[in-house]
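The structure appears right after this line, and notes come after that.
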Amino acid sequence: MKGLLLKDWYMMRTYCRPYLLLAVLFLALSCVSHNDTIFFTFYPCLLCGIIPINLLSYDERSGWTRYSGTLPYKKSQFVAVKYLTGLLSLCVVLVATAAAQTIKMMRSNAFSFRYLFMVLLAISVVTLLSSAICLPFVFRLGTEKGRIISLLLVALFFAGIAAVPALLSGSPIAGLRPDVLLLFLGLASIAIYLFSWYLSVLLYKRREI
Amino acid sequence: MNAIEIHDLTKSYPGFTLNHLNLSLPSGCILGLVGENGAGKSTTIRLILDMIRKDGGEIKLFGRERESETEMTLVKEDIGVVLDDVGLPECLTAKQVGSVMQHTFKNWHMEEYLRLLQKLSLPDNKAFKDLSRGMKMKLGIAIALSHHAKLLLLDEPTSGLDPVVRDEVVEMLMDFTREEDHAVLISSHIVSDLEKLCDYIAFLHKGRLLLCEEKDLLLTEYGLLRCSVEQLHSLPKDSILYKQENPYGAQALLRRDSVPDDVEVSPISIEELFVLMVKEANQ
């Protein structure tokens with residue numbers, strides 16, 4: 001599997017440079033911005049979430065998806081590489097966001113580890129869930145069809161999440177502290193990501209390449 | 001031992017069926033799979049590599065039918081493949097491709113790969129997308145020849161190449177089969193290349209195997225007769241496989257052993273034989 005990871009690393013070095021520049025720019029803006037805007041903070045994680053799907057798209061366009069079927073790899077290894085690439089990208093974004101948020105809080109003498117933890121957790125939840133929803137469709141249907149369906153589902157999913165507070169008002173869950181709720185969401189998103197990985201392996205094994 | 005044995009292989013798509021294909025490729029030999037576009041050549045290669053699921057039949061590689069994905073993965077260590085579009089990532093250089101393959105194949109031979117890059121005048125620092133069609137194909141062949149493969153599966157490796165590069169490719173494949181446990185299955189619709197290269201020829205037409213025989217036997221077994229319509233009609237009917245008549249005369253594909261000795265039958269090229277057999281199959 002090392003060969004596949006190395007290939008994706010070479011591809012990321014070429015194709016993801018603009019993403020890196022944008023992420024650095026937005027994180028820098030989040031550092032200097034006086035408003036508590038979450039857009040600059042969360043934009044890099046959205047970019048990071050689409051990296052595995054973009055790599056799959058380049059693979060399809062170059063014919064690598066078909067060629068890779070001739071190499072001594074299992075289909076589960078192809079899937080694993082994309083999920084690992086997503087996790088590695090998330091780690092990079094988390095480290096960069098942590099640095100940017102720390103600088104921002106230090107500048108205003110209001111460093112809060114709890115706040116930093118919550119921001120990083122929220123970023124992880126958004127990235128993991130968006131990838132977890134998209135990747136099985138992309139592995140089964142290819143990037144063209146899969147991306148359209150998965151984008152619709154991601155939009156529906158996050159609209160559903162936004163509606164949750166209204167739906168849960170009055171229930172015991174509504175009384176939970178936001179950080180506890182976020183922690184619960186974090187654990188749930190890890191479980192969903194792992195299930196999505198398993199599902200992608202099953203679906204990709206059924207796909208003829 | 002046979003490098004490939006295929007029995008009753010069947011695969012159906014809407015509008016196409018690979019119909020009970022039977023083929024064998026002995027080690028040390030080159031088998032040319034000839035067919036028009038859409039005849040089933042690529043489907044056969046993809047089935048051999050388990051890239052698509054067969055509907056029926058049996059495929060044995062190096063004498064064994066693969067039973068699991070793990071087993072197939074091990075078998076693929078011994079198979080070098082070149083697809084018609086090669087399929088390498090566009091941004092990778094030949095040097096980077098070498099590093100990827102070094103971590104892919106257990107038996108990767110980096111020195112041999114670098115030697116082939118040099119021999120084939122391939123730049124090691126140019127992105128794959130910037131290479132010409134011929135260079136891309138040569139890079140695909142260099143990869144296939146750099147991990148001690150025992151079997152090469154080549155899907156249209158010479159299409160779109162200029163004659164000089166095609167000749168180089170043909171020479172490399174001939175070198176490869178000098179080892180007696182090496183075998184090559186090559187598909188192409190450029191029959192002249194296969195005629196130079198192959199020990200066995202198989203004709204595929206609309207998913208059906210028209211014939212599979214030793215090339216030299218084919219050339220002695222079949223012949224072409226150009227004669228008058230009357231002369232053609234005087235021949236035994238079972239000796240004529242295909243005939244074309246026009247006001248100026250007739251042309252027929254014949255089985256030499258069933259033609260009277262006094263009839264002068266011309267030698268036939270593999271390309272002529274293929275074209276006439278396809279016409280006969282279409283009748």
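Starting from 1 in every chain, residues are counted up; chains themselves are A, B, ... following the order of the structure tokens, and ligands are numbered from 1 as listed.
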
Listing only residues of chain B within 10 Å of chain A, what is the closest atom pair and its distance in Å (to one decimal) for each, using only C-alpha atoms, sorted by chain and residue number ascending, as a Markdown table?
```
| residue | atom | partner | partner_atom | distance |
| --- | --- | --- | --- | --- |
| B:Ile45 | CA | A:Thr70 | CA | 9.8 |
| B:Arg46 | CA | A:Thr70 | CA | 8.4 |
| B:Ile48 | CA | A:Thr70 | CA | 9.8 |
| B:Leu49 | CA | A:Thr70 | CA | 6.3 |
| B:Asp50 | CA | A:Gly69 | CA | 8.1 |
| B:Met51 | CA | A:Ile209 | CA | 5.6 |
| B:Ile52 | CA | A:Glu208 | CA | 4.8 |
| B:Arg53 | CA | A:Glu208 | CA | 7.1 |
| B:Glu69 | CA | A:Lys74 | CA | 6.7 |
| B:Thr70 | CA | A:Lys74 | CA | 7.2 |
| B:Glu71 | CA | A:Pro72 | CA | 9.8 |
| B:Met72 | CA | A:Pro72 | CA | 7.8 |
| B:Thr73 | CA | A:Pro72 | CA | 4.5 |
| B:Leu74 | CA | A:Pro72 | CA | 6.5 |
| B:Val75 | CA | A:Pro72 | CA | 7.7 |
| B:Lys76 | CA | A:Pro72 | CA | 5.0 |
| B:Glu77 | CA | A:Pro72 | CA | 5.7 |
| B:Asp78 | CA | A:Pro72 | CA | 9.1 |
| B:Ile79 | CA | A:Thr70 | CA | 8.2 |
| B:Gly80 | CA | A:Thr70 | CA | 8.1 |
| B:Val81 | CA | A:Thr70 | CA | 6.5 |
| B:Val82 | CA | A:Tyr67 | CA | 8.3 |
| B:Leu83 | CA | A:Tyr67 | CA | 7.1 |
| B:Asp84 | CA | A:Gly63 | CA | 9.9 |
| B:Asp85 | CA | A:Gly63 | CA | 7.0 |
| B:Val86 | CA | A:Tyr67 | CA | 7.1 |
| B:Gly87 | CA | A:Gly63 | CA | 4.1 |
| B:Leu88 | CA | A:Trp64 | CA | 5.4 |
| B:Pro89 | CA | A:Ser62 | CA | 5.5 |
| B:Glu90 | CA | A:Ser62 | CA | 6.1 |
| B:Cys91 | CA | A:Met11 | CA | 6.7 |
| B:Leu92 | CA | A:Tyr10 | CA | 7.0 |
| B:Thr93 | CA | A:Tyr10 | CA | 9.6 |
| B:Gln96 | CA | A:Tyr10 | CA | 7.8 |
| B:Val97 | CA | A:Lys7 | CA | 7.9 |
| B:Gly98 | CA | A:Gly3 | CA | 9.8 |
| B:Ser99 | CA | A:Gly3 | CA | 7.5 |
| B:Val100 | CA | A:Gly3 | CA | 4.5 |
| B:Met101 | CA | A:Gly3 | CA | 6.3 |
| B:Gln102 | CA | A:Gly3 | CA | 7.2 |
| B:His103 | CA | A:Gly3 | CA | 4.5 |
| B:Thr104 | CA | A:Gly3 | CA | 5.0 |
| B:Phe105 | CA | A:Pro72 | CA | 7.0 |
| B:Lys106 | CA | A:Pro72 | CA | 9.3 |
| B:Phe128 | CA | A:Ser62 | CA | 9.9 |
| B:Lys129 | CA | A:Ser62 | CA | 9.0 |
| B:Leu153 | CA | A:Thr70 | CA | 9.6 |
```

Write down as JSON, numbers by chain the residues of stretch 31-136 of chain A whose backbone DSSP state falls under helix (DSSP H, G or I).
{"A": [31, 32, 39, 40, 41, 42, 43, 44, 45, 46, 47, 48, 49, 50, 51, 52, 53, 54, 55, 56, 57, 58, 59, 60, 61, 62, 64, 65, 66, 67, 68, 75, 76, 77, 78, 79, 80, 81, 82, 83, 84, 85, 86, 87, 88, 89, 90, 91, 92, 93, 94, 95, 96, 97, 98, 99, 100, 101, 102, 103, 104, 105, 106, 107, 113, 114, 115, 116, 117, 118, 119, 120, 121, 122, 123, 124, 125, 126, 127, 128, 129, 130, 131, 132, 133, 134, 135, 136]}

Quick one: residues within 8 Å of stretch 205-213 of chain B, only C-alpha atoms counted, chain neighbours fewer than 3 positions away excluded, as a PyMOL selection string?
chain B and resi 16-23+35-36+38-40+200-202+217-218+277-278

Mind writing the picked residues with N, CA and C atoms as a short mmCIF file (atom, residue, chain, number, x, y, z; two decimals), in the first residue's frame?
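That gives us out-v5.cif:
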```cif
data_model
loop_
_atom_site.label_atom_id
_atom_site.label_comp_id
_atom_site.auth_asym_id
_atom_site.auth_seq_id
_atom_site.Cartn_x
_atom_site.Cartn_y
_atom_site.Cartn_z
N PHE B 16 -23.47 -6.90 -25.99
CA PHE B 16 -22.22 -7.63 -26.27
C PHE B 16 -22.12 -8.85 -25.37
N THR B 17 -21.71 -9.96 -25.97
CA THR B 17 -21.45 -11.17 -25.17
C THR B 17 -20.15 -11.81 -25.60
N LEU B 18 -19.27 -12.03 -24.64
CA LEU B 18 -18.09 -12.84 -24.89
C LEU B 18 -18.55 -14.28 -24.71
N ASN B 19 -18.49 -15.02 -25.82
CA ASN B 19 -19.28 -16.25 -25.90
C ASN B 19 -18.43 -17.51 -25.77
N HIS B 20 -18.43 -18.13 -24.61
CA HIS B 20 -17.74 -19.41 -24.39
C HIS B 20 -16.35 -19.45 -25.02
N LEU B 21 -15.50 -18.55 -24.53
CA LEU B 21 -14.15 -18.42 -25.08
C LEU B 21 -13.24 -19.53 -24.53
N ASN B 22 -12.51 -20.18 -25.42
CA ASN B 22 -11.54 -21.19 -25.02
C ASN B 22 -10.19 -20.83 -25.63
N LEU B 23 -9.19 -20.66 -24.77
CA LEU B 23 -7.86 -20.25 -25.25
C LEU B 23 -6.79 -20.86 -24.35
N GLY B 35 -8.68 -8.76 -33.47
CA GLY B 35 -10.12 -8.51 -33.55
C GLY B 35 -10.38 -7.04 -33.83
N GLU B 36 -11.57 -6.75 -34.36
CA GLU B 36 -11.92 -5.36 -34.60
C GLU B 36 -12.17 -4.69 -33.25
N GLY B 38 -14.15 -3.55 -30.31
CA GLY B 38 -15.40 -4.09 -29.74
C GLY B 38 -15.54 -5.59 -29.91
N ALA B 39 -14.48 -6.27 -30.34
CA ALA B 39 -14.58 -7.72 -30.55
C ALA B 39 -14.52 -8.50 -29.23
N GLY B 40 -13.95 -7.85 -28.19
CA GLY B 40 -13.87 -8.53 -26.89
C GLY B 40 -12.44 -8.74 -26.41
N TYR B 200 1.27 -18.02 -31.81
CA TYR B 200 -0.13 -18.43 -31.97
C TYR B 200 -0.97 -17.19 -32.30
N ILE B 201 -2.02 -17.42 -33.07
CA ILE B 201 -2.93 -16.32 -33.42
C ILE B 201 -4.36 -16.76 -33.09
N ALA B 202 -5.09 -15.85 -32.44
CA ALA B 202 -6.51 -16.10 -32.19
C ALA B 202 -7.32 -14.96 -32.80
N LEU B 217 1.14 -22.84 -38.85
CA LEU B 217 0.16 -23.82 -39.30
C LEU B 217 -0.96 -23.13 -40.09
N LEU B 218 -1.35 -21.97 -39.59
CA LEU B 218 -2.41 -21.20 -40.27
C LEU B 218 -1.99 -20.87 -41.69
N MET B 277 -12.14 -14.15 -42.94
CA MET B 277 -12.89 -14.95 -41.94
C MET B 277 -13.99 -14.12 -41.28
N VAL B 278 -13.69 -12.85 -41.05
CA VAL B 278 -14.72 -11.97 -40.47
C VAL B 278 -15.87 -11.80 -41.46
#
```

Using only C-alpha atoms, determine which residues lie at most 8 Å from B:Ser266, disregarding the query and same-chain residues fewer than 2 positions distant; provide the list as a list in words.
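Returned residues: Gly223, Leu224, Leu225, Glu264 and Ile268 of chain B.
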
Spatial neighbours of B:Asp199, 10 Å, only C-alpha atoms, chain gap at least 4 places, as a PyMOL selection string:
chain B and resi 25-26+28-32+184+194-195+213-217

Could you turn the residues from that selection into a file that holds N, CA and C atoms, as a PDB file, in the first residue's frame?
```pdb
ATOM      1  N   LEU B  25      -2.427 -20.432 -23.680  1.00  0.00           N
ATOM      2  CA  LEU B  25      -1.150 -19.817 -24.055  1.00  0.00           C
ATOM      3  C   LEU B  25      -0.039 -20.588 -23.356  1.00  0.00           C
ATOM      4  N   PRO B  26       0.726 -21.419 -24.110  1.00  0.00           N
ATOM      5  CA  PRO B  26       1.824 -22.160 -23.479  1.00  0.00           C
ATOM      6  C   PRO B  26       2.959 -21.217 -23.067  1.00  0.00           C
ATOM      7  N   GLY B  28       6.525 -19.626 -22.827  1.00  0.00           N
ATOM      8  CA  GLY B  28       7.546 -19.492 -23.857  1.00  0.00           C
ATOM      9  C   GLY B  28       6.988 -19.048 -25.192  1.00  0.00           C
ATOM     10  N   CYS B  29       5.689 -18.769 -25.244  1.00  0.00           N
ATOM     11  CA  CYS B  29       5.065 -18.415 -26.533  1.00  0.00           C
ATOM     12  C   CYS B  29       4.399 -17.040 -26.485  1.00  0.00           C
ATOM     13  N   ILE B  30       4.117 -16.542 -27.671  1.00  0.00           N
ATOM     14  CA  ILE B  30       3.387 -15.281 -27.798  1.00  0.00           C
ATOM     15  C   ILE B  30       2.095 -15.561 -28.544  1.00  0.00           C
ATOM     16  N   LEU B  31       0.996 -15.164 -27.920  1.00  0.00           N
ATOM     17  CA  LEU B  31      -0.317 -15.347 -28.541  1.00  0.00           C
ATOM     18  C   LEU B  31      -0.869 -13.978 -28.926  1.00  0.00           C
ATOM     19  N   GLY B  32      -1.223 -13.847 -30.176  1.00  0.00           N
ATOM     20  CA  GLY B  32      -1.807 -12.588 -30.653  1.00  0.00           C
ATOM     21  C   GLY B  32      -3.313 -12.701 -30.729  1.00  0.00           C
ATOM     22  N   VAL B 184       3.560 -14.150 -23.582  1.00  0.00           N
ATOM     23  CA  VAL B 184       2.955 -12.843 -23.885  1.00  0.00           C
ATOM     24  C   VAL B 184       1.597 -13.062 -24.545  1.00  0.00           C
ATOM     25  N   LEU B 194       1.551  -8.434 -35.283  1.00  0.00           N
ATOM     26  CA  LEU B 194       1.353  -9.754 -34.669  1.00  0.00           C
ATOM     27  C   LEU B 194       1.967 -10.838 -35.546  1.00  0.00           C
ATOM     28  N   GLU B 195       1.902 -10.624 -36.837  1.00  0.00           N
ATOM     29  CA  GLU B 195       2.452 -11.609 -37.780  1.00  0.00           C
ATOM     30  C   GLU B 195       3.951 -11.771 -37.558  1.00  0.00           C
ATOM     31  N   GLU B 213      -4.876 -20.813 -33.517  1.00  0.00           N
ATOM     32  CA  GLU B 213      -3.951 -21.849 -34.012  1.00  0.00           C
ATOM     33  C   GLU B 213      -2.532 -21.326 -34.074  1.00  0.00           C
ATOM     34  N   GLU B 214      -1.604 -22.216 -34.279  1.00  0.00           N
ATOM     35  CA  GLU B 214      -0.212 -21.820 -34.471  1.00  0.00           C
ATOM     36  C   GLU B 214      -0.116 -21.012 -35.754  1.00  0.00           C
ATOM     37  N   LYS B 215       0.644 -19.933 -35.712  1.00  0.00           N
ATOM     38  CA  LYS B 215       0.687 -19.043 -36.874  1.00  0.00           C
ATOM     39  C   LYS B 215       1.200 -19.777 -38.130  1.00  0.00           C
ATOM     40  N   ASP B 216       2.288 -20.519 -37.956  1.00  0.00           N
ATOM     41  CA  ASP B 216       2.869 -21.174 -39.128  1.00  0.00           C
ATOM     42  C   ASP B 216       1.905 -22.194 -39.737  1.00  0.00           C
ATOM     43  N   LEU B 217       1.141 -22.842 -38.850  1.00  0.00           N
ATOM     44  CA  LEU B 217       0.156 -23.820 -39.304  1.00  0.00           C
ATOM     45  C   LEU B 217      -0.959 -23.130 -40.094  1.00  0.00           C
TER      46      LEU B 217
END
```

Please list as a list in words every residue within 10 Å of B:Asp193, counting only C-alpha atoms and excluding residues in the same chain fewer than 3 positions away.
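That gives Gly32, Thr158, Ser159, Pro163, Arg166, Asp167, Val169, Val170, Ser188, His189, Ile190, Lys196, Leu197 and Cys198 of chain B.
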
Can you tell me how far atom CA of A:Leu153 sits from atom CA of A:Phe195, in Å to one decimal?
16.5 Å

May I have the residues within 12 Å of A:Ser33 as a list in words, using only C-alpha atoms and disregarding those fewer than 3 positions away in the same chain?
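Within the cut-off, the hits are Leu25, Phe26, Leu27, Ala28, Leu29, Ser30, Asp36, Thr37, Ile38, Phe39, Phe40, Thr41, Ala100, Gln101, Ile103, Lys104, Met105, Arg107 and Ser108 of chain A.
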
Atoms kept (C-alpha atoms) for selection, written as a JSON list (two decimals), in the first residue's frame:
```
[["chain", "number", "residue", "atom", "x", "y", "z"],
["A", 25, "LEU", "CA", -4.53, 32.60, 3.54],
["A", 26, "PHE", "CA", -7.81, 31.87, 5.30],
["A", 27, "LEU", "CA", -6.11, 30.77, 8.50],
["A", 28, "ALA", "CA", -4.00, 33.93, 8.45],
["A", 29, "LEU", "CA", -7.18, 35.96, 7.97],
["A", 30, "SER", "CA", -8.80, 34.10, 10.86],
["A", 36, "ASP", "CA", -15.45, 35.97, 15.66],
["A", 37, "THR", "CA", -16.17, 34.79, 12.13],
["A", 38, "ILE", "CA", -16.10, 31.02, 11.70],
["A", 39, "PHE", "CA", -15.93, 31.17, 7.90],
["A", 40, "PHE", "CA", -12.15, 31.72, 7.77],
["A", 41, "THR", "CA", -11.63, 28.97, 10.33],
["A", 100, "ALA", "CA", -3.80, 30.03, 13.97],
["A", 101, "GLN", "CA", -6.34, 29.99, 16.80],
["A", 103, "ILE", "CA", -1.99, 33.04, 17.85],
["A", 104, "LYS", "CA", -5.35, 34.75, 17.64],
["A", 105, "MET", "CA", -6.21, 34.09, 21.30],
["A", 107, "ARG", "CA", -2.93, 38.32, 20.68],
["A", 108, "SER", "CA", -6.08, 39.15, 22.61]]
```

Interatomic distance between atom CA of B:Glu168 and atom CA of B:Gly134?
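Calculated distance between atom CA of B:Glu168 and atom CA of B:Gly134 is 10.7 Å.
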
Between atom CA of B:Val165 and atom CA of B:Leu120, what distance in Å does the model show, to one decimal?
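Atom CA of B:Leu120 lies at a distance of 9.2 Å from atom CA of B:Val165.
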
Filtered DSSP result for stretch 9-105 of chain B, state strand (DSSP E or B), as a VMD selection string:
chain B and resid 9 to 13 16 to 26 30 to 35 56 to 61 64 to 65 79 to 82 93

Selected residues written out with C-alpha atoms, as a PDB file, in the first residue's frame:
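File selection07.pdb, as written:
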```
ATOM      1  CA  LEU B   9     -15.320 -17.980 -20.510  1.00  0.00           C
ATOM      2  CA  THR B  10     -18.506 -15.950 -20.765  1.00  0.00           C
ATOM      3  CA  LYS B  11     -19.277 -12.330 -20.018  1.00  0.00           C
ATOM      4  CA  SER B  12     -22.358 -10.400 -21.079  1.00  0.00           C
ATOM      5  CA  TYR B  13     -22.977  -6.687 -21.330  1.00  0.00           C
ATOM      6  CA  PHE B  16     -22.221  -7.628 -26.269  1.00  0.00           C
ATOM      7  CA  THR B  17     -21.454 -11.170 -25.169  1.00  0.00           C
ATOM      8  CA  LEU B  18     -18.089 -12.843 -24.892  1.00  0.00           C
ATOM      9  CA  ASN B  19     -19.276 -16.247 -25.895  1.00  0.00           C
ATOM     10  CA  HIS B  20     -17.741 -19.414 -24.390  1.00  0.00           C
ATOM     11  CA  LEU B  21     -14.146 -18.423 -25.082  1.00  0.00           C
ATOM     12  CA  ASN B  22     -11.536 -21.192 -25.024  1.00  0.00           C
ATOM     13  CA  LEU B  23      -7.861 -20.247 -25.248  1.00  0.00           C
ATOM     14  CA  SER B  24      -4.483 -21.563 -24.114  1.00  0.00           C
ATOM     15  CA  LEU B  25      -1.150 -19.817 -24.055  1.00  0.00           C
ATOM     16  CA  PRO B  26       1.824 -22.160 -23.479  1.00  0.00           C
ATOM     17  CA  ILE B  30       3.387 -15.281 -27.798  1.00  0.00           C
ATOM     18  CA  LEU B  31      -0.317 -15.347 -28.541  1.00  0.00           C
ATOM     19  CA  GLY B  32      -1.807 -12.588 -30.653  1.00  0.00           C
ATOM     20  CA  LEU B  33      -5.433 -11.743 -30.101  1.00  0.00           C
ATOM     21  CA  VAL B  34      -6.755 -10.181 -33.277  1.00  0.00           C
ATOM     22  CA  GLY B  35     -10.117  -8.506 -33.553  1.00  0.00           C
ATOM     23  CA  GLY B  56     -19.183 -18.292 -16.415  1.00  0.00           C
ATOM     24  CA  GLY B  57     -16.171 -20.384 -17.299  1.00  0.00           C
ATOM     25  CA  GLU B  58     -12.728 -20.904 -15.871  1.00  0.00           C
ATOM     26  CA  ILE B  59      -9.438 -19.025 -16.080  1.00  0.00           C
ATOM     27  CA  LYS B  60      -6.203 -20.660 -14.970  1.00  0.00           C
ATOM     28  CA  LEU B  61      -3.004 -18.651 -14.679  1.00  0.00           C
ATOM     29  CA  ARG B  64      -3.944 -22.671 -11.131  1.00  0.00           C
ATOM     30  CA  GLU B  65      -7.371 -21.145 -10.922  1.00  0.00           C
ATOM     31  CA  ILE B  79       2.124 -10.291 -14.612  1.00  0.00           C
ATOM     32  CA  GLY B  80       3.195  -7.188 -16.497  1.00  0.00           C
ATOM     33  CA  VAL B  81       0.358  -5.267 -18.094  1.00  0.00           C
ATOM     34  CA  VAL B  82       0.237  -2.492 -20.653  1.00  0.00           C
ATOM     35  CA  THR B  93       7.467  11.687 -13.876  1.00  0.00           C
TER      36      THR B  93
END
```
